[in-house]
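Raw contents of upload21.cif, mmCIF, C-alpha atoms and all ligand atoms:
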```cif
data_entry
#
loop_
_atom_site.label_atom_id
_atom_site.label_comp_id
_atom_site.auth_asym_id
_atom_site.auth_seq_id
_atom_site.Cartn_x
_atom_site.Cartn_y
_atom_site.Cartn_z
CA MET A 1 17.21 -20.18 -33.02
CA PRO A 2 15.64 -22.59 -30.46
CA PRO A 3 11.89 -22.28 -29.78
CA LEU A 4 10.86 -19.53 -27.38
CA LYS A 5 9.74 -21.85 -24.63
CA TYR A 6 8.10 -19.21 -22.46
CA LEU A 7 6.16 -17.71 -25.36
CA GLN A 8 4.77 -20.72 -27.15
CA ALA A 9 1.16 -19.92 -26.31
CA TYR A 10 1.37 -16.55 -28.09
CA PRO A 11 0.60 -15.83 -31.75
CA ALA A 12 3.36 -16.49 -34.27
CA ASP A 13 3.72 -12.83 -35.27
CA LEU A 14 4.38 -11.80 -31.67
CA GLN A 15 6.98 -14.55 -31.32
CA ALA A 16 8.57 -13.40 -34.58
CA ARG A 17 8.87 -9.88 -33.19
CA VAL A 18 10.63 -11.17 -30.10
CA ARG A 19 12.96 -13.26 -32.28
CA GLN A 20 13.78 -10.18 -34.30
CA MET A 21 14.58 -8.23 -31.14
CA ILE A 22 16.87 -11.04 -30.03
CA GLU A 23 18.68 -11.04 -33.37
CA GLN A 24 19.09 -7.28 -33.25
CA GLN A 25 20.15 -7.52 -29.59
CA ARG A 26 17.41 -5.12 -28.55
CA LEU A 27 15.63 -7.30 -26.00
CA GLY A 28 17.65 -6.02 -23.03
CA ASP A 29 16.99 -2.40 -23.98
CA TYR A 30 13.28 -3.05 -24.40
CA LEU A 31 13.07 -4.47 -20.89
CA GLN A 32 15.34 -1.86 -19.35
CA GLN A 33 13.25 0.96 -20.80
CA ARG A 34 9.94 -0.48 -19.70
CA TYR A 35 10.97 -1.95 -16.38
CA PRO A 36 13.94 -0.02 -14.97
CA GLU A 37 12.93 -0.34 -11.31
CA ARG A 38 13.75 -2.94 -8.71
CA HIS A 39 12.03 -3.57 -5.39
CA ALA A 40 13.02 -4.15 -1.78
CA ILE A 41 11.03 -7.33 -1.11
CA GLN A 42 13.93 -9.67 -0.36
CA SER A 43 12.86 -11.81 2.59
CA ASP A 44 10.00 -14.24 3.18
CA LYS A 45 8.72 -11.94 5.91
CA ALA A 46 8.62 -8.96 3.59
CA LEU A 47 6.98 -11.09 0.91
CA TYR A 48 4.30 -12.27 3.31
CA GLY A 49 3.41 -8.67 4.23
CA TYR A 50 3.39 -7.66 0.59
CA VAL A 51 1.07 -10.52 -0.41
CA LEU A 52 -1.32 -9.88 2.48
CA ASP A 53 -1.56 -6.17 1.61
CA ILE A 54 -2.60 -6.97 -1.96
CA LYS A 55 -5.02 -9.62 -0.75
CA GLN A 56 -6.64 -7.27 1.76
CA GLU A 57 -7.01 -4.59 -0.88
CA HIS A 58 -8.70 -6.77 -3.49
CA LEU A 59 -9.77 -10.11 -2.06
CA ARG A 60 -10.80 -9.35 1.48
CA ASN A 61 -13.15 -12.33 1.66
CA ALA A 62 -10.76 -14.95 0.36
CA PRO A 63 -8.95 -17.09 2.92
CA SER A 64 -5.50 -15.81 3.85
CA PRO A 65 -2.54 -17.98 2.99
CA ASP A 66 -0.87 -19.48 6.06
CA LYS A 67 2.59 -19.22 4.63
CA VAL A 68 4.24 -17.24 1.85
CA LEU A 69 7.82 -17.78 0.81
CA PHE A 70 10.46 -17.45 -1.85
CA ASP A 71 11.54 -20.81 -3.23
CA ASN A 72 14.78 -21.17 -5.15
CA ARG A 73 13.93 -24.72 -6.15
CA LEU A 74 10.94 -23.74 -8.20
CA ASP A 75 11.61 -24.66 -11.77
CA LEU A 76 11.63 -21.96 -14.34
CA THR A 77 9.12 -23.81 -16.38
CA HIS A 78 5.95 -22.08 -17.41
CA ARG A 79 3.81 -23.60 -14.70
CA ALA A 80 6.03 -23.30 -11.70
CA LEU A 81 6.98 -19.66 -11.23
CA GLY A 82 4.56 -19.59 -8.39
CA LEU A 83 2.92 -22.38 -6.56
CA ASN A 84 -0.22 -22.74 -4.53
CA THR A 85 -0.53 -25.68 -2.26
CA ALA A 86 -2.90 -26.79 0.40
CA ILE A 87 -1.18 -29.20 2.74
CA SER A 88 -3.56 -31.21 4.87
CA ARG A 89 -2.48 -31.97 8.40
CA VAL A 90 -4.29 -33.49 11.30
CA GLN A 91 -4.43 -30.99 14.15
CA GLY A 92 -6.23 -31.84 17.38
CA GLY A 93 -8.21 -34.58 15.70
CA LYS A 94 -9.28 -32.29 12.88
CA LEU A 95 -8.06 -32.18 9.34
CA LYS A 96 -6.78 -28.71 8.53
CA ALA A 97 -5.56 -27.50 5.17
CA LYS A 98 -2.65 -25.08 5.29
CA LYS A 99 -2.46 -22.82 2.31
CA GLU A 100 0.98 -21.96 1.04
CA ILE A 101 2.11 -19.61 -1.68
CA ARG A 102 5.60 -20.09 -3.06
CA ILE A 103 7.19 -17.57 -5.39
CA ALA A 104 10.28 -18.40 -7.44
CA SER A 105 13.35 -16.68 -5.99
CA LEU A 106 14.22 -15.09 -9.33
CA PHE A 107 11.50 -12.51 -8.60
CA LYS A 108 13.74 -10.96 -5.93
CA GLU A 109 15.76 -9.46 -8.75
CA ALA A 110 12.89 -8.78 -11.13
CA ALA A 111 11.03 -5.51 -11.68
CA PRO A 112 8.30 -4.68 -9.12
CA GLN A 113 5.61 -5.09 -11.80
CA PHE A 114 6.69 -8.69 -12.38
CA LEU A 115 6.70 -9.52 -8.67
CA LYS A 116 3.22 -8.08 -8.38
CA MET A 117 2.08 -10.01 -11.44
CA ILE A 118 3.12 -13.38 -10.05
CA VAL A 119 1.64 -12.54 -6.64
CA VAL A 120 -1.64 -11.46 -8.25
CA HIS A 121 -1.62 -14.70 -10.23
CA GLU A 122 -1.18 -16.83 -7.12
CA LEU A 123 -3.73 -14.83 -5.13
CA ALA A 124 -6.29 -15.27 -7.90
CA HIS A 125 -5.83 -19.02 -7.44
CA LEU A 126 -7.24 -18.64 -3.93
CA LYS A 127 -10.57 -18.12 -5.68
CA GLU A 128 -10.19 -19.86 -9.04
CA SER A 129 -8.11 -22.98 -9.38
CA ASP A 130 -8.14 -23.05 -13.18
CA HIS A 131 -6.77 -20.59 -15.69
CA ASN A 132 -10.24 -19.75 -16.96
CA LYS A 133 -11.96 -16.52 -17.93
CA ALA A 134 -12.98 -15.68 -14.37
CA PHE A 135 -9.40 -16.25 -13.25
CA TYR A 136 -7.93 -13.78 -15.75
CA LYS A 137 -10.69 -11.28 -15.05
CA LEU A 138 -9.68 -11.37 -11.40
CA CYS A 139 -6.01 -10.90 -12.30
CA GLU A 140 -6.84 -7.96 -14.56
CA TYR A 141 -8.95 -6.45 -11.76
CA MET A 142 -6.11 -6.70 -9.23
CA GLN A 143 -3.49 -5.47 -11.67
CA PRO A 144 -4.70 -3.57 -14.74
CA GLY A 145 -2.59 -4.49 -17.74
CA TYR A 146 -2.09 -8.01 -16.41
CA HIS A 147 -2.00 -9.64 -19.83
CA GLN A 148 0.69 -7.33 -21.15
CA LEU A 149 2.69 -7.89 -17.97
CA GLU A 150 2.46 -11.65 -18.27
CA PHE A 151 3.75 -11.38 -21.82
CA ASP A 152 6.57 -9.05 -20.80
CA LEU A 153 7.47 -11.31 -17.90
CA ARG A 154 7.88 -14.14 -20.40
CA VAL A 155 10.03 -11.88 -22.54
CA TYR A 156 12.11 -11.14 -19.43
CA LEU A 157 12.55 -14.86 -18.72
CA THR A 158 13.57 -15.41 -22.33
CA TRP A 159 16.16 -12.63 -22.06
CA ARG A 160 17.37 -13.98 -18.72
CA ASP A 161 18.01 -17.42 -20.24
CA LEU A 162 19.93 -15.88 -23.12
CA ALA A 163 22.07 -13.84 -20.76
CA THR A 164 23.25 -16.81 -18.70
ZN ZN B 1 -1.63 -20.48 -12.34
#
```
Have the structure of the file written as structure tokens, please.
Amino acid sequence: MPPLKYLQAYPADLQARVRQMIEQQRLGDYLQQRYPERHAIQSDKALYGYVLDIKQEHLRNAPSPDKVLFDNRLDLTHRALGLNTAISRVQGGKLKAKKEIRIASLFKEAAPQFLKMIVVHELAHLKESDHNKAFYKLCEYMQPGYHQLEFDLRVYLTWRDLAT
């Protein structure tokens, strides 16, 4: 079996359990049982409202992103499921940074918990640019169970690759 590319940062025993589920063809059932729901956030406009709601609830003092959108060009590699960029433009003689959050389009079809997880991840980057302790604390604060969800999202991506 090829390496589990989305799960390489996890302990070997956890990876072995996922491998076993793949061999026994139980991965789909595992995901279906835990994450049966889908969500209605299908447009960039809906996504923008969704992101702002979560931001206002938990990170009222952080700067609001200027733009939020689904991006079907985002690579399904570990680092690029969501993207935070600050594009600097000169406006009226002043340099202004526009903050953009891009979310991979595959999240349109994913469970609501996974959409929230990636949004929480990108929002946390408004305050912490690195994946450090403070960053994950913020994620866990915005979405309790964040670590489990990140793991399960990676299991979902693994399953999705196998299914195509
Ligand atoms: Zn990140």
Write out as CSV the residues of chain A that have any atom within 12 Å of an atom of ligand ZN 1 (chain B), one row each with the nearest atom pair and its distance in Å to one decimal, counting all atoms listed in the file, sorted by chain and then rising number.
```
residue,atom,partner,partner_atom,distance
A:Thr77,CA,B:ZN1,ZN,12.0
A:His78,CA,B:ZN1,ZN,9.3
A:Arg79,CA,B:ZN1,ZN,6.7
A:Ala80,CA,B:ZN1,ZN,8.2
A:Leu81,CA,B:ZN1,ZN,8.7
A:Gly82,CA,B:ZN1,ZN,7.4
A:Leu83,CA,B:ZN1,ZN,7.6
A:Asn84,CA,B:ZN1,ZN,8.3
A:Thr85,CA,B:ZN1,ZN,11.4
A:Ile101,CA,B:ZN1,ZN,11.3
A:Arg102,CA,B:ZN1,ZN,11.8
A:Ile103,CA,B:ZN1,ZN,11.6
A:Met117,CA,B:ZN1,ZN,11.1
A:Ile118,CA,B:ZN1,ZN,8.8
A:Val119,CA,B:ZN1,ZN,10.3
A:Val120,CA,B:ZN1,ZN,9.9
A:His121,CA,B:ZN1,ZN,6.2
A:Glu122,CA,B:ZN1,ZN,6.4
A:Leu123,CA,B:ZN1,ZN,9.4
A:Ala124,CA,B:ZN1,ZN,8.3
A:His125,CA,B:ZN1,ZN,6.6
A:Leu126,CA,B:ZN1,ZN,10.3
A:Lys127,CA,B:ZN1,ZN,11.4
A:Glu128,CA,B:ZN1,ZN,9.2
A:Ser129,CA,B:ZN1,ZN,7.5
A:Asp130,CA,B:ZN1,ZN,7.0
A:His131,CA,B:ZN1,ZN,6.1
A:Asn132,CA,B:ZN1,ZN,9.8
A:Phe135,CA,B:ZN1,ZN,8.9
A:Tyr136,CA,B:ZN1,ZN,9.8
A:Cys139,CA,B:ZN1,ZN,10.5
A:Glu150,CA,B:ZN1,ZN,11.4
```
One-decimal distance in Å that lies between CA of Pro2 (chain A) and CA of Arg160 (chain A):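 CA of Pro2 (chain A) lies at a distance of 14.7 Å from CA of Arg160 (chain A).
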Å distance separating CA of Asp71 (chain A) from CA of Leu47 (chain A), one decimal place: 11.5 Å
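The closest residue to Arg34 (chain A), picked from A:Gln143, A:Thr164, A:Gln113, A:Asn72 and counting all atoms listed in the file, is A:Gln113.
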Within 10 Å of Ile41 (chain A) using all atoms listed in the file, minus same-chain residues under 2 positions, as a PyMOL selection string: chain A and resi 38-39+43-50+107-109+112+115
Separation of CA of Lys5 (chain A) from CA of Asp161 (chain A) in Å: 10.4 Å
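With only C-alpha atoms as the atoms that count, the residue of A:Leu149, A:Ser64, A:Pro3, A:Leu31 with the shortest distance to Arg19 (chain A) is A:Pro3.
Using only C-alpha atoms, the nearest neighbour of Tyr156 (chain A) within the list A:Val18, A:Val51, A:Leu69, A:Ala62 is A:Val18.
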Given only C-alpha atoms as the counted atoms, nearest of A:Ala111, A:Leu138, A:Leu52, A:Ala16 to Leu153 (chain A): A:Ala111
Nearest to Leu74 (chain A) by atom-to-atom distance, counting only C-alpha atoms, from A:Met142, A:Tyr6, A:Ser105, A:Arg17: A:Ser105
Region 100-105 of chain A, all listed atoms, 3 Å padding on each side: what axis-aligned box centre and edge lengths in Å to one decimal come out, as lines of an AutoDock Vina configuration file?
```
center_x = 7.2
center_y = -19.3
center_z = -3.2
size_x = 18.4
size_y = 11.3
size_z = 14.5
```
Option closest in space to Asp53 (chain A), from A:Gln32, A:Ala40, A:Met21, A:Lys116 [counting only C-alpha atoms]: A:Lys116
